[in-house]
file query.csv (CSV, N, CA and C atoms)
chain,number,residue,atom,x,y,z
A,2,MET,N,-10.3,12.7,-31.9
A,2,MET,CA,-10.0,11.3,-31.9
A,2,MET,C,-8.9,11.1,-30.9
A,3,PRO,N,-9.0,10.2,-29.9
A,3,PRO,CA,-7.9,9.9,-29.0
A,3,PRO,C,-6.8,9.2,-29.6
A,4,ILE,N,-5.6,9.4,-29.1
A,4,ILE,CA,-4.4,8.6,-29.5
A,4,ILE,C,-4.3,7.5,-28.4
A,5,THR,N,-4.2,6.3,-28.9
A,5,THR,CA,-4.1,5.2,-27.9
A,5,THR,C,-3.0,4.3,-28.3
A,6,ALA,N,-2.4,3.6,-27.3
A,6,ALA,CA,-1.3,2.7,-27.5
A,6,ALA,C,-1.5,1.5,-26.5
A,7,ILE,N,-1.0,0.4,-26.8
A,7,ILE,CA,-0.9,-0.8,-25.9
A,7,ILE,C,0.6,-1.1,-25.8
A,8,THR,N,1.1,-1.0,-24.5
A,8,THR,CA,2.5,-1.2,-24.2
A,8,THR,C,2.6,-2.4,-23.3
A,9,PRO,N,3.6,-3.3,-23.6
A,9,PRO,CA,3.8,-4.4,-22.7
A,9,PRO,C,4.5,-4.0,-21.4
A,10,THR,N,4.1,-4.6,-20.3
A,10,THR,CA,4.7,-4.3,-19.0
A,10,THR,C,5.8,-5.3,-18.7
A,11,ASN,N,6.6,-5.0,-17.7
A,11,ASN,CA,7.7,-5.9,-17.2
A,11,ASN,C,7.1,-7.2,-16.7
A,12,SER,N,5.9,-7.2,-16.2
A,12,SER,CA,5.3,-8.4,-15.6
A,12,SER,C,4.6,-9.3,-16.6
A,13,GLY,N,4.7,-8.9,-17.9
A,13,GLY,CA,4.1,-9.7,-18.9
A,13,GLY,C,2.7,-9.2,-19.3
A,14,GLY,N,2.1,-8.3,-18.6
A,14,GLY,CA,0.8,-7.8,-19.0
A,14,GLY,C,0.9,-6.7,-20.0
A,15,THR,N,-0.2,-5.9,-20.2
A,15,THR,CA,-0.3,-4.8,-21.1
A,15,THR,C,-0.8,-3.6,-20.4
A,16,MET,N,-0.3,-2.4,-20.8
A,16,MET,CA,-0.8,-1.2,-20.3
A,16,MET,C,-1.4,-0.4,-21.5
A,17,HIS,N,-2.6,0.0,-21.3
A,17,HIS,CA,-3.4,0.8,-22.3
A,17,HIS,C,-3.2,2.2,-22.0
A,18,THR,N,-2.7,3.0,-22.9
A,18,THR,CA,-2.5,4.4,-22.7
A,18,THR,C,-3.3,5.2,-23.7
A,19,ALA,N,-3.7,6.4,-23.3
A,19,ALA,CA,-4.5,7.3,-24.2
A,19,ALA,C,-4.2,8.7,-24.0
A,20,THR,N,-4.3,9.5,-25.0
A,20,THR,CA,-4.2,11.0,-24.9
A,20,THR,C,-5.4,11.5,-25.7
A,21,VAL,N,-6.1,12.4,-25.0
A,21,VAL,CA,-7.3,13.0,-25.6
A,21,VAL,C,-7.3,14.5,-25.4
A,22,LYS,N,-8.0,15.2,-26.3
A,22,LYS,CA,-8.2,16.6,-26.2
A,22,LYS,C,-9.7,16.9,-25.9
A,23,ALA,N,-10.0,17.6,-24.9
A,23,ALA,CA,-11.4,17.9,-24.6
A,23,ALA,C,-11.7,19.4,-25.0
A,24,THR,N,-12.7,19.6,-25.7
A,24,THR,CA,-13.1,21.0,-26.1
A,24,THR,C,-14.5,21.2,-25.6
A,25,ILE,N,-14.6,22.3,-24.8
A,25,ILE,CA,-15.9,22.6,-24.1
A,25,ILE,C,-16.4,23.9,-24.5
A,26,VAL,N,-17.6,24.0,-25.0
A,26,VAL,CA,-18.2,25.3,-25.3
A,26,VAL,C,-19.2,25.8,-24.2
A,27,LEU,N,-18.9,26.9,-23.6
A,27,LEU,CA,-19.7,27.5,-22.6
A,27,LEU,C,-20.7,28.5,-23.2
A,28,TYR,N,-22.0,28.4,-22.9
A,28,TYR,CA,-23.0,29.3,-23.4
A,28,TYR,C,-23.5,30.2,-22.3
A,29,ALA,N,-23.6,31.5,-22.5
A,29,ALA,CA,-24.2,32.4,-21.6
A,29,ALA,C,-25.7,32.3,-21.7
A,30,CYS,N,-26.5,32.1,-20.7
A,30,CYS,CA,-27.9,31.9,-20.8
A,30,CYS,C,-28.7,33.2,-21.1
A,31,ASP,N,-28.1,34.4,-20.8
A,31,ASP,CA,-28.8,35.6,-21.0
A,31,ASP,C,-28.3,36.4,-22.2
A,32,SER,N,-27.4,35.8,-23.0
A,32,SER,CA,-26.9,36.5,-24.2
A,32,SER,C,-26.5,35.4,-25.2
A,33,ASP,N,-26.0,35.9,-26.3
A,33,ASP,CA,-25.5,34.9,-27.4
A,33,ASP,C,-24.0,34.7,-27.2
A,34,GLU,N,-23.4,35.1,-26.1
A,34,GLU,CA,-22.0,35.0,-25.9
A,34,GLU,C,-21.6,33.5,-25.6
A,35,THR,N,-20.5,33.1,-26.2
A,35,THR,CA,-20.0,31.8,-26.0
A,35,THR,C,-18.5,31.9,-25.7
A,36,LYS,N,-17.9,30.9,-25.0
A,36,LYS,CA,-16.5,30.8,-24.8
A,36,LYS,C,-16.1,29.3,-25.0
A,37,THR,N,-15.1,29.1,-25.8
A,37,THR,CA,-14.6,27.7,-26.0
A,37,THR,C,-13.3,27.5,-25.3
A,38,ILE,N,-13.2,26.5,-24.5
A,38,ILE,CA,-12.0,26.2,-23.7
A,38,ILE,C,-11.6,24.7,-24.1
A,39,SER,N,-10.3,24.4,-23.9
A,39,SER,CA,-9.9,23.1,-24.2
A,39,SER,C,-8.7,22.7,-23.3
A,40,GLY,N,-8.5,21.4,-23.2
A,40,GLY,CA,-7.4,20.9,-22.4
A,40,GLY,C,-7.0,19.5,-22.9
A,41,LEU,N,-5.8,19.1,-22.6
A,41,LEU,CA,-5.3,17.8,-22.9
A,41,LEU,C,-5.2,16.9,-21.7
A,42,GLY,N,-5.4,15.6,-21.9
A,42,GLY,CA,-5.3,14.6,-20.8
A,42,GLY,C,-4.7,13.3,-21.2
A,43,ASP,N,-3.9,12.7,-20.3
A,43,ASP,CA,-3.3,11.4,-20.5
A,43,ASP,C,-3.8,10.4,-19.5
A,44,GLY,N,-4.0,9.2,-19.9
A,44,GLY,CA,-4.4,8.2,-19.0
A,44,GLY,C,-3.7,6.8,-19.3
A,45,ALA,N,-3.5,6.1,-18.3
A,45,ALA,CA,-2.9,4.7,-18.5
A,45,ALA,C,-3.5,3.8,-17.5
A,46,ASP,N,-3.8,2.6,-17.9
A,46,ASP,CA,-4.4,1.6,-17.1
A,46,ASP,C,-4.2,0.2,-17.7
A,47,PRO,N,-4.0,-0.8,-16.8
A,47,PRO,CA,-3.8,-2.2,-17.4
A,47,PRO,C,-5.1,-2.8,-18.0
A,48,GLY,N,-6.2,-2.2,-17.6
A,48,GLY,CA,-7.5,-2.6,-18.1
A,48,GLY,C,-8.0,-1.7,-19.2
A,49,TYR,N,-9.3,-1.4,-19.1
A,49,TYR,CA,-9.9,-0.6,-20.2
A,49,TYR,C,-10.1,0.9,-19.7
A,50,LYS,N,-9.7,1.3,-18.6
A,50,LYS,CA,-10.0,2.6,-18.0
A,50,LYS,C,-9.0,3.7,-18.5
A,51,GLY,N,-8.0,3.4,-19.2
A,51,GLY,CA,-7.1,4.5,-19.7
A,51,GLY,C,-7.7,5.6,-20.4
A,52,ILE,N,-8.6,5.3,-21.3
A,52,ILE,CA,-9.3,6.4,-22.0
A,52,ILE,C,-10.2,7.3,-21.1
A,53,TYR,N,-10.8,6.6,-20.2
A,53,TYR,CA,-11.7,7.4,-19.2
A,53,TYR,C,-10.8,8.3,-18.3
A,54,LYS,N,-9.7,7.8,-17.9
A,54,LYS,CA,-8.8,8.6,-17.1
A,54,LYS,C,-8.3,9.8,-17.9
A,55,ALA,N,-8.0,9.6,-19.2
A,55,ALA,CA,-7.5,10.7,-20.0
A,55,ALA,C,-8.6,11.7,-20.3
A,56,GLN,N,-9.9,11.2,-20.4
A,56,GLN,CA,-11.0,12.2,-20.6
A,56,GLN,C,-11.2,13.0,-19.4
A,57,THR,N,-11.1,12.4,-18.2
A,57,THR,CA,-11.3,13.1,-16.9
A,57,THR,C,-10.2,14.2,-16.8
A,58,GLY,N,-8.9,13.8,-17.1
A,58,GLY,CA,-7.8,14.8,-17.0
A,58,GLY,C,-8.0,15.9,-18.0
A,59,ALA,N,-8.4,15.6,-19.2
A,59,ALA,CA,-8.6,16.6,-20.2
A,59,ALA,C,-9.7,17.6,-19.8
A,60,THR,N,-10.8,17.1,-19.3
A,60,THR,CA,-11.9,18.0,-18.8
A,60,THR,C,-11.4,18.9,-17.7
A,61,LYS,N,-10.7,18.3,-16.7
A,61,LYS,CA,-10.2,19.1,-15.6
A,61,LYS,C,-9.3,20.2,-16.1
A,62,ASN,N,-8.4,19.8,-17.0
A,62,ASN,CA,-7.4,20.8,-17.5
A,62,ASN,C,-8.1,21.9,-18.3
A,63,ALA,N,-9.2,21.6,-19.1
A,63,ALA,CA,-9.9,22.6,-19.8
A,63,ALA,C,-10.6,23.5,-18.8
A,64,LEU,N,-11.2,23.0,-17.8
A,64,LEU,CA,-11.9,23.9,-16.8
A,64,LEU,C,-10.9,24.7,-16.1
A,65,ARG,N,-9.8,24.1,-15.7
A,65,ARG,CA,-8.7,24.9,-15.0
A,65,ARG,C,-8.2,26.0,-15.9
A,66,ASN,N,-7.9,25.7,-17.2
A,66,ASN,CA,-7.4,26.7,-18.1
A,66,ASN,C,-8.4,27.8,-18.4
A,67,GLY,N,-9.7,27.4,-18.3
A,67,GLY,CA,-10.7,28.4,-18.5
A,67,GLY,C,-11.1,29.2,-17.3
A,68,SER,N,-10.3,29.1,-16.2
A,68,SER,CA,-10.4,29.9,-15.0
A,68,SER,C,-11.7,29.5,-14.2
A,69,LEU,N,-12.2,28.3,-14.4
A,69,LEU,CA,-13.4,28.0,-13.7
A,69,LEU,C,-13.1,27.1,-12.4
A,70,MET,N,-11.9,26.6,-12.4
A,70,MET,CA,-11.5,25.7,-11.2
A,70,MET,C,-10.2,26.1,-10.7
A,71,PRO,N,-10.0,26.1,-9.4
A,71,PRO,CA,-8.7,26.4,-8.9
A,71,PRO,C,-7.7,25.3,-9.1
A,72,ALA,N,-6.5,25.6,-9.2
A,72,ALA,CA,-5.5,24.5,-9.5
A,72,ALA,C,-5.1,23.8,-8.2
A,73,GLU,N,-5.2,24.4,-7.0
A,73,GLU,CA,-4.8,23.7,-5.8
A,73,GLU,C,-5.8,22.6,-5.4
A,74,ALA,N,-5.3,21.7,-4.6
A,74,ALA,CA,-6.1,20.5,-4.2
A,74,ALA,C,-7.3,20.9,-3.3
A,75,ASP,N,-7.1,21.8,-2.4
A,75,ASP,CA,-8.1,22.2,-1.5
A,75,ASP,C,-8.3,23.8,-1.5
A,76,PRO,N,-9.2,24.3,-2.3
A,76,PRO,CA,-9.3,25.7,-2.5
A,76,PRO,C,-9.8,26.4,-1.2
A,77,GLU,N,-10.4,25.7,-0.3
A,77,GLU,CA,-10.9,26.3,1.0
A,77,GLU,C,-9.8,26.3,2.1
A,78,ALA,N,-8.7,25.7,1.9
A,78,ALA,CA,-7.7,25.6,2.9
A,78,ALA,C,-7.1,27.0,3.3
A,79,ASP,N,-7.0,27.9,2.3
A,79,ASP,CA,-6.5,29.2,2.6
A,79,ASP,C,-7.5,30.2,3.3
A,80,GLN,N,-8.7,29.8,3.3
A,80,GLN,CA,-9.7,30.7,3.9
A,80,GLN,C,-9.7,30.6,5.4
A,81,GLN,N,-9.8,31.7,6.0
A,81,GLN,CA,-9.9,31.7,7.5
A,81,GLN,C,-11.3,31.5,8.0
A,82,VAL,N,-11.4,30.7,9.0
A,82,VAL,CA,-12.8,30.4,9.6
A,82,VAL,C,-13.0,31.4,10.8
A,83,ASP,N,-14.1,32.0,10.8
A,83,ASP,CA,-14.5,32.9,11.9
A,83,ASP,C,-15.2,32.1,12.9
A,84,ASN,N,-14.5,31.8,14.1
A,84,ASN,CA,-15.1,31.0,15.1
A,84,ASN,C,-16.0,31.8,16.1
A,85,TYR,N,-16.2,33.1,15.8
A,85,TYR,CA,-17.0,33.9,16.7
A,85,TYR,C,-18.4,34.1,16.3
A,86,THR,N,-18.8,33.5,15.2
A,86,THR,CA,-20.1,33.6,14.7
A,86,THR,C,-21.0,32.4,15.0
call {"tool": "encode", "arguments": {"input": "query.csv", "output": "structure tokens"}}
result
Amino acid sequence: MPITAITPTNSGGTMHTATVKATIVLYACDSDETKTISGLGDGADPGYKGIYKAQTGATKNALRNGSLMPAEADPEADQQVDNYT
């Protein structure tokens, strides 16, 4: 269950914030092996998107923590390109 809050802003509006935990179970297709990974995410938005931002962040963190995604912004930036082929 997400933790949500509504906070007043300095301009008189409201900011909707949420914290969620994503738990993902990975199944191996050729065996009965499974791996459970999880991650936390926070999101804030003056509209209704705070919970969705938190879910996206939690999913990314779970995949990153499960060693399925690189942490850097551009994983291909360190690879050298062979211009002679």
call {"tool": "closest_atom_pairs", "arguments": {"input": "query.csv", "of": "region 14-43 of chain A", "to": "region 48-66 of chain A", "cutoff": "6 Å", "atoms": "only N, CA and C atoms", "output": "tab-separated table"}}
result
residue	atom	partner	partner_atom	distance
A:His17	C	A:Gly51	CA	5.1
A:Thr18	CA	A:Gly51	CA	5.5
A:Ala19	N	A:Gly51	C	5.0
A:Thr20	CA	A:Ala55	CA	5.9
A:Val21	N	A:Ala55	C	5.4
A:Lys22	C	A:Ala59	CA	5.8
A:Ala23	N	A:Ala59	CA	5.0
A:Ile38	C	A:Ala63	CA	5.1
A:Ser39	C	A:Ala63	CA	3.7
A:Gly40	CA	A:Ala63	N	3.8
A:Leu41	C	A:Ala59	CA	3.7
A:Gly42	CA	A:Ala59	N	3.6
A:Asp43	C	A:Ala55	CA	3.7
call {"tool": "residues_around", "arguments": {"input": "query.csv", "residues": "Tyr28 (chain A)", "least_positions_apart": "6", "cutoff": "12 Å", "atoms": "only C-alpha atoms", "output": "NGL selection string"}}
result
:A and (34-38)
call {"tool": "atom_distance", "arguments": {"input": "query.csv", "atom1": "CA of Ile25 (chain A)", "atom2": "atom N of Ile7 (chain A)"}}
result
26.9 Å
call {"tool": "closest_residue", "arguments": {"input": "query.csv", "among": "A:Thr15, A:Val26, A:Pro9, A:Ile4", "to": "Asp46 (chain A)", "atoms": "only N, CA and C atoms"}}
result
A:Thr15
call {"tool": "atom_distance", "arguments": {"input": "query.csv", "atom1": "atom N of Pro3 (chain A)", "atom2": "CA of Met16 (chain A)"}}
result
17.0 Å
call {"tool": "atom_distance", "arguments": {"input": "query.csv", "atom1": "atom C of Pro47 (chain A)", "atom2": "atom C of Thr24 (chain A)"}}
result
26.9 Å
call {"tool": "build_atoms", "arguments": {"input": "query.csv", "residues": "region 27-38 of chain A", "atoms": "all heavy atoms", "output": "PDB file, in the coordinates of the input"}}
result
ATOM      1  N   LEU A  27     -18.900  26.900 -23.600  1.00  0.00           N
ATOM      2  CA  LEU A  27     -19.700  27.500 -22.600  1.00  0.00           C
ATOM      3  C   LEU A  27     -20.700  28.500 -23.200  1.00  0.00           C
ATOM      4  O   LEU A  27     -20.231  29.369 -23.988  1.00  0.00           O
ATOM      5  CB  LEU A  27     -18.873  28.127 -21.518  1.00  0.00           C
ATOM      6  CG  LEU A  27     -17.814  27.223 -20.876  1.00  0.00           C
ATOM      7  CD1 LEU A  27     -16.886  28.031 -20.002  1.00  0.00           C
ATOM      8  CD2 LEU A  27     -18.477  26.119 -20.091  1.00  0.00           C
ATOM      9  N   TYR A  28     -22.000  28.400 -22.900  1.00  0.00           N
ATOM     10  CA  TYR A  28     -23.000  29.300 -23.400  1.00  0.00           C
ATOM     11  C   TYR A  28     -23.500  30.200 -22.300  1.00  0.00           C
ATOM     12  O   TYR A  28     -23.866  29.676 -21.243  1.00  0.00           O
ATOM     13  CB  TYR A  28     -24.122  28.564 -24.051  1.00  0.00           C
ATOM     14  CG  TYR A  28     -23.736  27.738 -25.253  1.00  0.00           C
ATOM     15  CD1 TYR A  28     -23.348  26.420 -25.122  1.00  0.00           C
ATOM     16  CD2 TYR A  28     -23.753  28.301 -26.522  1.00  0.00           C
ATOM     17  CE1 TYR A  28     -22.988  25.658 -26.223  1.00  0.00           C
ATOM     18  CE2 TYR A  28     -23.394  27.562 -27.635  1.00  0.00           C
ATOM     19  CZ  TYR A  28     -23.011  26.237 -27.482  1.00  0.00           C
ATOM     20  OH  TYR A  28     -22.652  25.494 -28.567  1.00  0.00           O
ATOM     21  N   ALA A  29     -23.600  31.500 -22.500  1.00  0.00           N
ATOM     22  CA  ALA A  29     -24.200  32.400 -21.600  1.00  0.00           C
ATOM     23  C   ALA A  29     -25.700  32.300 -21.700  1.00  0.00           C
ATOM     24  O   ALA A  29     -26.234  32.409 -22.869  1.00  0.00           O
ATOM     25  CB  ALA A  29     -23.757  33.849 -21.776  1.00  0.00           C
ATOM     26  N   CYS A  30     -26.500  32.100 -20.700  1.00  0.00           N
ATOM     27  CA  CYS A  30     -27.900  31.900 -20.800  1.00  0.00           C
ATOM     28  C   CYS A  30     -28.700  33.200 -21.100  1.00  0.00           C
ATOM     29  O   CYS A  30     -29.778  33.140 -21.559  1.00  0.00           O
ATOM     30  CB  CYS A  30     -28.444  31.224 -19.526  1.00  0.00           C
ATOM     31  SG  CYS A  30     -28.226  32.174 -18.028  1.00  0.00           S
ATOM     32  N   ASP A  31     -28.100  34.400 -20.800  1.00  0.00           N
ATOM     33  CA  ASP A  31     -28.800  35.600 -21.000  1.00  0.00           C
ATOM     34  C   ASP A  31     -28.300  36.400 -22.200  1.00  0.00           C
ATOM     35  O   ASP A  31     -28.728  37.523 -22.412  1.00  0.00           O
ATOM     36  CB  ASP A  31     -28.716  36.474 -19.730  1.00  0.00           C
ATOM     37  CG  ASP A  31     -27.285  36.742 -19.308  1.00  0.00           C
ATOM     38  OD1 ASP A  31     -26.368  36.128 -19.877  1.00  0.00           O
ATOM     39  OD2 ASP A  31     -27.088  37.568 -18.401  1.00  0.00           O
ATOM     40  N   SER A  32     -27.400  35.800 -23.000  1.00  0.00           N
ATOM     41  CA  SER A  32     -26.900  36.500 -24.200  1.00  0.00           C
ATOM     42  C   SER A  32     -26.500  35.400 -25.200  1.00  0.00           C
ATOM     43  O   SER A  32     -26.588  34.222 -24.945  1.00  0.00           O
ATOM     44  CB  SER A  32     -25.789  37.430 -23.890  1.00  0.00           C
ATOM     45  OG  SER A  32     -24.635  36.702 -23.523  1.00  0.00           O
ATOM     46  N   ASP A  33     -26.000  35.900 -26.300  1.00  0.00           N
ATOM     47  CA  ASP A  33     -25.500  34.900 -27.400  1.00  0.00           C
ATOM     48  C   ASP A  33     -24.000  34.700 -27.200  1.00  0.00           C
ATOM     49  O   ASP A  33     -23.390  34.099 -28.092  1.00  0.00           O
ATOM     50  CB  ASP A  33     -25.786  35.494 -28.758  1.00  0.00           C
ATOM     51  CG  ASP A  33     -27.264  35.510 -29.073  1.00  0.00           C
ATOM     52  OD1 ASP A  33     -27.995  34.690 -28.480  1.00  0.00           O
ATOM     53  OD2 ASP A  33     -27.694  36.329 -29.902  1.00  0.00           O
ATOM     54  N   GLU A  34     -23.400  35.100 -26.100  1.00  0.00           N
ATOM     55  CA  GLU A  34     -22.000  35.000 -25.900  1.00  0.00           C
ATOM     56  C   GLU A  34     -21.600  33.500 -25.600  1.00  0.00           C
ATOM     57  O   GLU A  34     -22.282  32.813 -24.890  1.00  0.00           O
ATOM     58  CB  GLU A  34     -21.571  35.861 -24.728  1.00  0.00           C
ATOM     59  CG  GLU A  34     -20.090  35.970 -24.536  1.00  0.00           C
ATOM     60  CD  GLU A  34     -19.727  36.905 -23.396  1.00  0.00           C
ATOM     61  OE1 GLU A  34     -20.606  37.575 -22.851  1.00  0.00           O
ATOM     62  OE2 GLU A  34     -18.543  36.928 -23.049  1.00  0.00           O
ATOM     63  N   THR A  35     -20.500  33.100 -26.200  1.00  0.00           N
ATOM     64  CA  THR A  35     -20.000  31.800 -26.000  1.00  0.00           C
ATOM     65  C   THR A  35     -18.500  31.900 -25.700  1.00  0.00           C
ATOM     66  O   THR A  35     -17.815  32.868 -26.040  1.00  0.00           O
ATOM     67  CB  THR A  35     -20.138  30.843 -27.183  1.00  0.00           C
ATOM     68  OG1 THR A  35     -19.407  31.358 -28.287  1.00  0.00           O
ATOM     69  CG2 THR A  35     -21.598  30.681 -27.537  1.00  0.00           C
ATOM     70  N   LYS A  36     -17.900  30.900 -25.000  1.00  0.00           N
ATOM     71  CA  LYS A  36     -16.500  30.800 -24.800  1.00  0.00           C
ATOM     72  C   LYS A  36     -16.100  29.300 -25.000  1.00  0.00           C
ATOM     73  O   LYS A  36     -16.740  28.422 -24.427  1.00  0.00           O
ATOM     74  CB  LYS A  36     -16.143  31.225 -23.363  1.00  0.00           C
ATOM     75  CG  LYS A  36     -14.652  31.161 -23.079  1.00  0.00           C
ATOM     76  CD  LYS A  36     -14.305  31.697 -21.718  1.00  0.00           C
ATOM     77  CE  LYS A  36     -12.794  31.641 -21.525  1.00  0.00           C
ATOM     78  NZ  LYS A  36     -12.385  32.164 -20.239  1.00  0.00           N
ATOM     79  N   THR A  37     -15.100  29.100 -25.800  1.00  0.00           N
ATOM     80  CA  THR A  37     -14.600  27.700 -26.000  1.00  0.00           C
ATOM     81  C   THR A  37     -13.300  27.500 -25.300  1.00  0.00           C
ATOM     82  O   THR A  37     -12.380  28.366 -25.408  1.00  0.00           O
ATOM     83  CB  THR A  37     -14.380  27.518 -27.538  1.00  0.00           C
ATOM     84  OG1 THR A  37     -15.621  27.755 -28.219  1.00  0.00           O
ATOM     85  CG2 THR A  37     -13.912  26.100 -27.813  1.00  0.00           C
ATOM     86  N   ILE A  38     -13.200  26.500 -24.500  1.00  0.00           N
ATOM     87  CA  ILE A  38     -12.000  26.200 -23.700  1.00  0.00           C
ATOM     88  C   ILE A  38     -11.600  24.700 -24.100  1.00  0.00           C
ATOM     89  O   ILE A  38     -12.456  23.926 -24.474  1.00  0.00           O
ATOM     90  CB  ILE A  38     -12.238  26.347 -22.226  1.00  0.00           C
ATOM     91  CG1 ILE A  38     -13.404  25.500 -21.719  1.00  0.00           C
ATOM     92  CG2 ILE A  38     -12.454  27.808 -21.870  1.00  0.00           C
ATOM     93  CD1 ILE A  38     -13.634  25.564 -20.230  1.00  0.00           C
TER      94      ILE A  38
END
